[in-house]
Amino acid sequence: MSKKGPLPGFHLMAKPTGAICNLGCRYCFFLSKKNLYPDGSFRMSDEVLESYIRQYIEAQKNPSVTVAWQGGEPTLMGLEFFRRSIEVEEKYRQPGISFQNTMQTNGILLDDEWCEFFSENDFLIGLSLDGPRELHDAYRVDKAGGPTFDRVMRAARLLRKHRVEFNILATVHAANQDHPLDVYRFLRDEVKTDFIQFIPIVERKNDTGFQEGDRVTDRSVDPERYGRFLISIFDEWVRRDVGKTFVQIFDVALAAWSGAPPGICAFSETCGTAMVMEHNGDVYSCDHFVEPKYLLGNIHERPLASIAGSAKQRRFGREKLDLLPEYCRRCEVRFVCNGECPKNRFIKTPDGEPGLNYLCAGYKEFFRHIDGSMRFMASELRCGRSPANIMSYTGSQEGKVVRAFLRPGRNDPCPCGSGLKFKKCHGRVDHQRDEPPAEEALSKKIGDRCRKLSDLLK
Ligand SMILES: C[S@@+](CC[C@H](N)C(=O)[O-])C[C@H]1O[C@@H](n2cnc3c(N)ncnc32)[C@H](O)[C@@H]1O
Ligand code: SF4
Ligand code: SF4
Ligand code: SF4
């Protein structure tokens, strides 16, 4: 990584209403951030909007610019604000640049007009929904403590009606952690979403609202139960939904087993390329570290490119790796987990080293559990076939694939019969480090052998 200039492909999430929201979700980590701006108006001005879009375009090296709106609740700005944001994008658009607009919302204010606007401008919407009624309403409540389920379901129907592309963000917490299939089947069959992102609620118990202390609230997910939650859903997904329903952590895992980058910061070796900007132009290191200590500067005082490439932000991102405990460095699933997000690293390892992830036990169990299936799917990808082929085995001959792909040693012959050492053939992370079997002839040979293995398994 070069020492100067903006971070390559950094991402910025903007919060036009700061921490202001029309709901009062009990677990929300962001509402308390209002205290950081006691005199604030909490509305992004047109001046900040214009400066942000202009600087963001200038600072990006990527021709595709993602303008991401979040909060608090961004829809409280009103539709006119977002119409203006599109005008500003057009004003500063340079040849060859395209925009992807995204918004994360609780859905409460969405109506036909909003959805028409999203549809016309190709917005990708993230809608927060924690599962069926009782599980969703456990914590996602309005300011009066009342339920919100019906209003969010109405938003989902409107988004579908207007063919707006949307994902569901479902948090996993004490209330829904023991109901994985109720949550998953509901989102898949009732909400009919194709893309689901599960977010573990790990809420620190303290008076500051900052990432401090090692106690968690009763609402937080239990680590082992989180692991079992993911396992139950994976076991259903791998039998019937591969290639149809996309679950972010399964995609991350398949990428890791295939030797590709994870695509999200939490599972990357380092982070620091996903910053947030408050309503007044203040930029912080990360959505989960909106704290005075992590304030990088204001876009009116320092160019965004310089903020994103600052030594402080680089250090923030590097520390994800530098502070990884020895226990993680030796862990067999480190290649996919990478100690997950630093915000959750507040427990001690069995030998007393600080900085282990609170969710460790769950991740370990989950990543071990999916190893056989992931090996198979990664090998299908490598052989130029669809990972969805796994369903012909998991659906009809349960467990066979997992047994067939029980991990051999790195130097053992690959079970596909290619005659290659496992690390050169179906090995997963090892492919990153060893010379891949790149020559065309070799690839063909492996492909043929893999097909043979698939036939054998039928
Ligand atoms: C802070 S909200 C802002 C956008 C919008 N108001 C919404 O709810 O979608 C963004 C996401 O963070 C999630 N979230 C809230 N509190 C959280 C917490 N303590 N830990 C992890 N995610 C949390 C929400 O469920 C939501 O999906
Ligand atoms: S809707 Fe979003 S910002 Fe508002 S309280 Fe809920 S999680 Fe927080
Ligand atoms: S601290 Fe966590 S959420 Fe923030 S950028 Fe790093 S990995 Fe991502
Ligand atoms: S599973 Fe646990 S030990 Fe392994 S890398 Fe993740 S947090 Fe570290």
# chains A, B, ... in the order shown; residues from 1 in each chain; ligands from 1
>>> residues_around(residues="Ser41 (chain A)", least_positions_apart="3", cutoff="9 Å", atoms="only C-alpha atoms", output="list in words")
Thr17, Tyr37, Pro38, Met44, His279 and Asn280 of chain A
>>> write_last_selection(atoms="C-alpha atoms", output="PDB file, in the first residue's frame")
ATOM      1  CA  THR A  17     -29.971  13.582   9.426  1.00  0.00           C
ATOM      2  CA  TYR A  37     -23.698  17.552  18.363  1.00  0.00           C
ATOM      3  CA  PRO A  38     -25.609  19.312  21.162  1.00  0.00           C
ATOM      4  CA  MET A  44     -27.448  18.248   5.801  1.00  0.00           C
ATOM      5  CA  HIS A 279     -24.752  15.771   8.431  1.00  0.00           C
ATOM      6  CA  ASN A 280     -22.276  18.660   8.898  1.00  0.00           C
TER       7      ASN A 280
END
>>> residues_near_ligand(ligand="ligand 1", cutoff="9 Å", atoms="only C-alpha atoms and all ligand atoms", output="number ranges by chain")
A: 15, 19-23, 25-31, 69-75, 103-107, 126-130, 140, 168-172, 197-204, 220, 287-288
>>> closest_residue(among="A:Ala14, A:Cys271, A:Glu87, A:Val276", to="Arg315 (chain A)", atoms="only C-alpha atoms")
A:Cys271
>>> residues_around(residues="Glu90 (chain A)", least_positions_apart="5", cutoff="12 Å", atoms="only C-alpha atoms", output="PDB file with C-alpha atoms, in the first residue's frame")
ATOM      1  CA  GLU A  50     -22.782  19.697  -3.053  1.00  0.00           C
ATOM      2  CA  ILE A  53     -20.641  14.853  -3.995  1.00  0.00           C
ATOM      3  CA  ARG A  54     -18.036  16.995  -5.769  1.00  0.00           C
ATOM      4  CA  ILE A  57     -16.133  12.135  -7.233  1.00  0.00           C
ATOM      5  CA  ARG A  83     -33.842  14.744  -6.003  1.00  0.00           C
ATOM      6  CA  ARG A  84     -31.271  17.499  -5.466  1.00  0.00           C
ATOM      7  CA  SER A  85     -28.576  14.907  -4.779  1.00  0.00           C
ATOM      8  CA  PRO A  95     -17.133  11.333 -18.724  1.00  0.00           C
ATOM      9  CA  ILE A  97     -18.311   7.974 -14.414  1.00  0.00           C
ATOM     10  CA  SER A  98     -21.418   6.154 -13.297  1.00  0.00           C
ATOM     11  CA  PHE A  99     -23.289   6.440 -10.011  1.00  0.00           C
ATOM     12  CA  ASN A 121     -32.872   6.399 -10.368  1.00  0.00           C
TER      13      ASN A 121
END
>>> closest_atom_pairs(of="chain A", to="ligand 3", cutoff="12 Å", atoms="only C-alpha atoms and all ligand atoms", output="Markdown table")
| residue | atom | partner | partner_atom_place_in_ligand_line | distance |
| --- | --- | --- | --- | --- |
| A:Phe10 | CA | ligand 3 | 5 (S) | 10.5 |
| A:His11 | CA | ligand 3 | 5 (S) | 9.9 |
| A:Leu12 | CA | ligand 3 | 5 (S) | 10.7 |
| A:Met13 | CA | ligand 3 | 5 (S) | 11.4 |
| A:Ile199 | CA | ligand 3 | 3 (S) | 10.8 |
| A:Pro200 | CA | ligand 3 | 3 (S) | 11.8 |
| A:Gln211 | CA | ligand 3 | 1 (S) | 10.3 |
| A:Pro262 | CA | ligand 3 | 7 (S) | 11.5 |
| A:Gly263 | CA | ligand 3 | 8 (Fe) | 10.8 |
| A:Ile264 | CA | ligand 3 | 8 (Fe) | 7.3 |
| A:Cys265 | CA | ligand 3 | 8 (Fe) | 4.3 |
| A:Ala266 | CA | ligand 3 | 7 (S) | 3.7 |
| A:Phe267 | CA | ligand 3 | 7 (S) | 6.9 |
| A:Ser268 | CA | ligand 3 | 7 (S) | 7.2 |
| A:Glu269 | CA | ligand 3 | 7 (S) | 8.8 |
| A:Thr270 | CA | ligand 3 | 6 (Fe) | 7.3 |
| A:Cys271 | CA | ligand 3 | 6 (Fe) | 4.7 |
| A:Gly272 | CA | ligand 3 | 5 (S) | 4.9 |
| A:Thr273 | CA | ligand 3 | 5 (S) | 6.5 |
| A:Ala274 | CA | ligand 3 | 5 (S) | 5.3 |
| A:Met275 | CA | ligand 3 | 5 (S) | 7.1 |
| A:Val276 | CA | ligand 3 | 4 (Fe) | 9.7 |
| A:Tyr284 | CA | ligand 3 | 4 (Fe) | 10.1 |
| A:Ser285 | CA | ligand 3 | 5 (S) | 7.2 |
| A:Cys286 | CA | ligand 3 | 4 (Fe) | 4.6 |
| A:Asp287 | CA | ligand 3 | 4 (Fe) | 6.2 |
| A:His288 | CA | ligand 3 | 4 (Fe) | 5.8 |
| A:Phe289 | CA | ligand 3 | 4 (Fe) | 7.0 |
| A:Val290 | CA | ligand 3 | 4 (Fe) | 9.9 |
| A:Tyr294 | CA | ligand 3 | 1 (S) | 10.8 |
| A:Gln313 | CA | ligand 3 | 5 (S) | 10.1 |
| A:Arg314 | CA | ligand 3 | 5 (S) | 11.1 |
| A:Arg315 | CA | ligand 3 | 6 (Fe) | 11.2 |
| A:Phe316 | CA | ligand 3 | 6 (Fe) | 7.9 |
| A:Gly317 | CA | ligand 3 | 6 (Fe) | 6.5 |
| A:Arg318 | CA | ligand 3 | 6 (Fe) | 9.3 |
| A:Glu319 | CA | ligand 3 | 6 (Fe) | 9.1 |
| A:Lys320 | CA | ligand 3 | 6 (Fe) | 6.9 |
| A:Leu321 | CA | ligand 3 | 6 (Fe) | 10.2 |
| A:Cys337 | CA | ligand 3 | 7 (S) | 10.9 |
| A:Asn338 | CA | ligand 3 | 7 (S) | 9.7 |
| A:Gly339 | CA | ligand 3 | 7 (S) | 9.3 |
| A:Glu340 | CA | ligand 3 | 7 (S) | 6.5 |
| A:Cys341 | CA | ligand 3 | 2 (Fe) | 3.9 |
| A:Pro342 | CA | ligand 3 | 1 (S) | 5.1 |
| A:Lys343 | CA | ligand 3 | 1 (S) | 5.6 |
| A:Asn344 | CA | ligand 3 | 2 (Fe) | 8.1 |
| A:Arg345 | CA | ligand 3 | 2 (Fe) | 9.8 |
| A:Asn357 | CA | ligand 3 | 2 (Fe) | 11.3 |
>>> residues_around(residues="Asp222 (chain A)", least_positions_apart="3", cutoff="8 Å", atoms="only C-alpha atoms", output="PyMOL selection string")
chain A and resi 173-174+177+225-226+359
>>> residues_near_ligand(ligand="ligand 4", cutoff="8 Å", atoms="only C-alpha atoms and all ligand atoms", output="PyMOL selection string")
chain A and resi 324-325+327-340+356-365+367
>>> select_by_dssp(residues="region 104-230 of chain A", states="strand (DSSP E)", output="ChimeraX atom specification")
/A:104-105,124-128,165-172,195-200
>>> atom_distance(atom1="CA of Trp237 (chain A)", atom2="CA of Ser373 (chain A)")
11.2 Å
>>> select_by_dssp(residues="region 64-194 of chain A", states="alpha helix (DSSP H)", output="PyMOL selection string")
chain A and resi 79-92+112-120+133-137+149-161+180-185
>>> write_last_selection(atoms="C-alpha atoms", output="short mmCIF file (atom, residue, chain, number, x, y, z; two decimals), in the first residue's frame")
data_model
loop_
_atom_site.label_atom_id
_atom_site.label_comp_id
_atom_site.auth_asym_id
_atom_site.auth_seq_id
_atom_site.Cartn_x
_atom_site.Cartn_y
_atom_site.Cartn_z
CA LEU A 79 -37.67 13.34 -1.16
CA GLU A 80 -36.65 16.79 -2.48
CA PHE A 81 -33.25 16.45 -0.84
CA PHE A 82 -32.55 13.25 -2.76
CA ARG A 83 -33.84 14.74 -6.00
CA ARG A 84 -31.27 17.50 -5.47
CA SER A 85 -28.58 14.91 -4.78
CA ILE A 86 -29.24 13.41 -8.22
CA GLU A 87 -29.02 16.88 -9.79
CA VAL A 88 -25.70 17.47 -8.06
CA GLU A 89 -24.41 14.13 -9.31
CA GLU A 90 -25.36 15.17 -12.85
CA LYS A 91 -23.70 18.54 -12.39
CA TYR A 92 -20.36 17.00 -11.45
CA ASP A 112 -45.45 5.27 -4.07
CA GLU A 113 -43.67 8.55 -4.76
CA TRP A 114 -40.50 7.49 -2.93
CA CYS A 115 -40.50 4.12 -4.64
CA GLU A 116 -41.04 5.64 -8.09
CA PHE A 117 -38.06 7.87 -7.43
CA PHE A 118 -35.93 4.90 -6.32
CA SER A 119 -36.98 2.96 -9.36
CA GLU A 120 -36.31 5.79 -11.82
CA ARG A 133 -43.88 -10.02 13.49
CA GLU A 134 -43.04 -11.03 17.09
CA LEU A 135 -39.32 -11.30 16.43
CA HIS A 136 -39.16 -8.01 14.53
CA ASP A 137 -41.27 -6.09 17.04
CA PHE A 149 -43.75 -4.67 11.62
CA ASP A 150 -46.83 -3.78 9.54
CA ARG A 151 -45.30 -0.53 8.33
CA VAL A 152 -42.06 -2.23 7.28
CA MET A 153 -43.95 -4.98 5.46
CA ARG A 154 -45.92 -2.30 3.64
CA ALA A 155 -42.59 -0.74 2.56
CA ALA A 156 -41.39 -4.13 1.28
CA ARG A 157 -44.57 -4.53 -0.77
CA LEU A 158 -44.18 -1.04 -2.25
CA LEU A 159 -40.55 -1.70 -3.16
CA ARG A 160 -41.59 -4.91 -4.91
CA LYS A 161 -44.50 -3.20 -6.67
CA PRO A 180 -33.14 -19.13 12.59
CA LEU A 181 -35.45 -20.96 10.21
CA ASP A 182 -38.46 -18.86 11.13
CA VAL A 183 -36.43 -15.78 10.25
CA TYR A 184 -34.87 -17.19 7.09
CA ARG A 185 -38.01 -18.78 5.65
#
>>> closest_residue(among="A:Asp111, A:Asp142, A:Asp122, A:Asp194", to="ligand 2", atoms="only C-alpha atoms and all ligand atoms")
A:Asp142
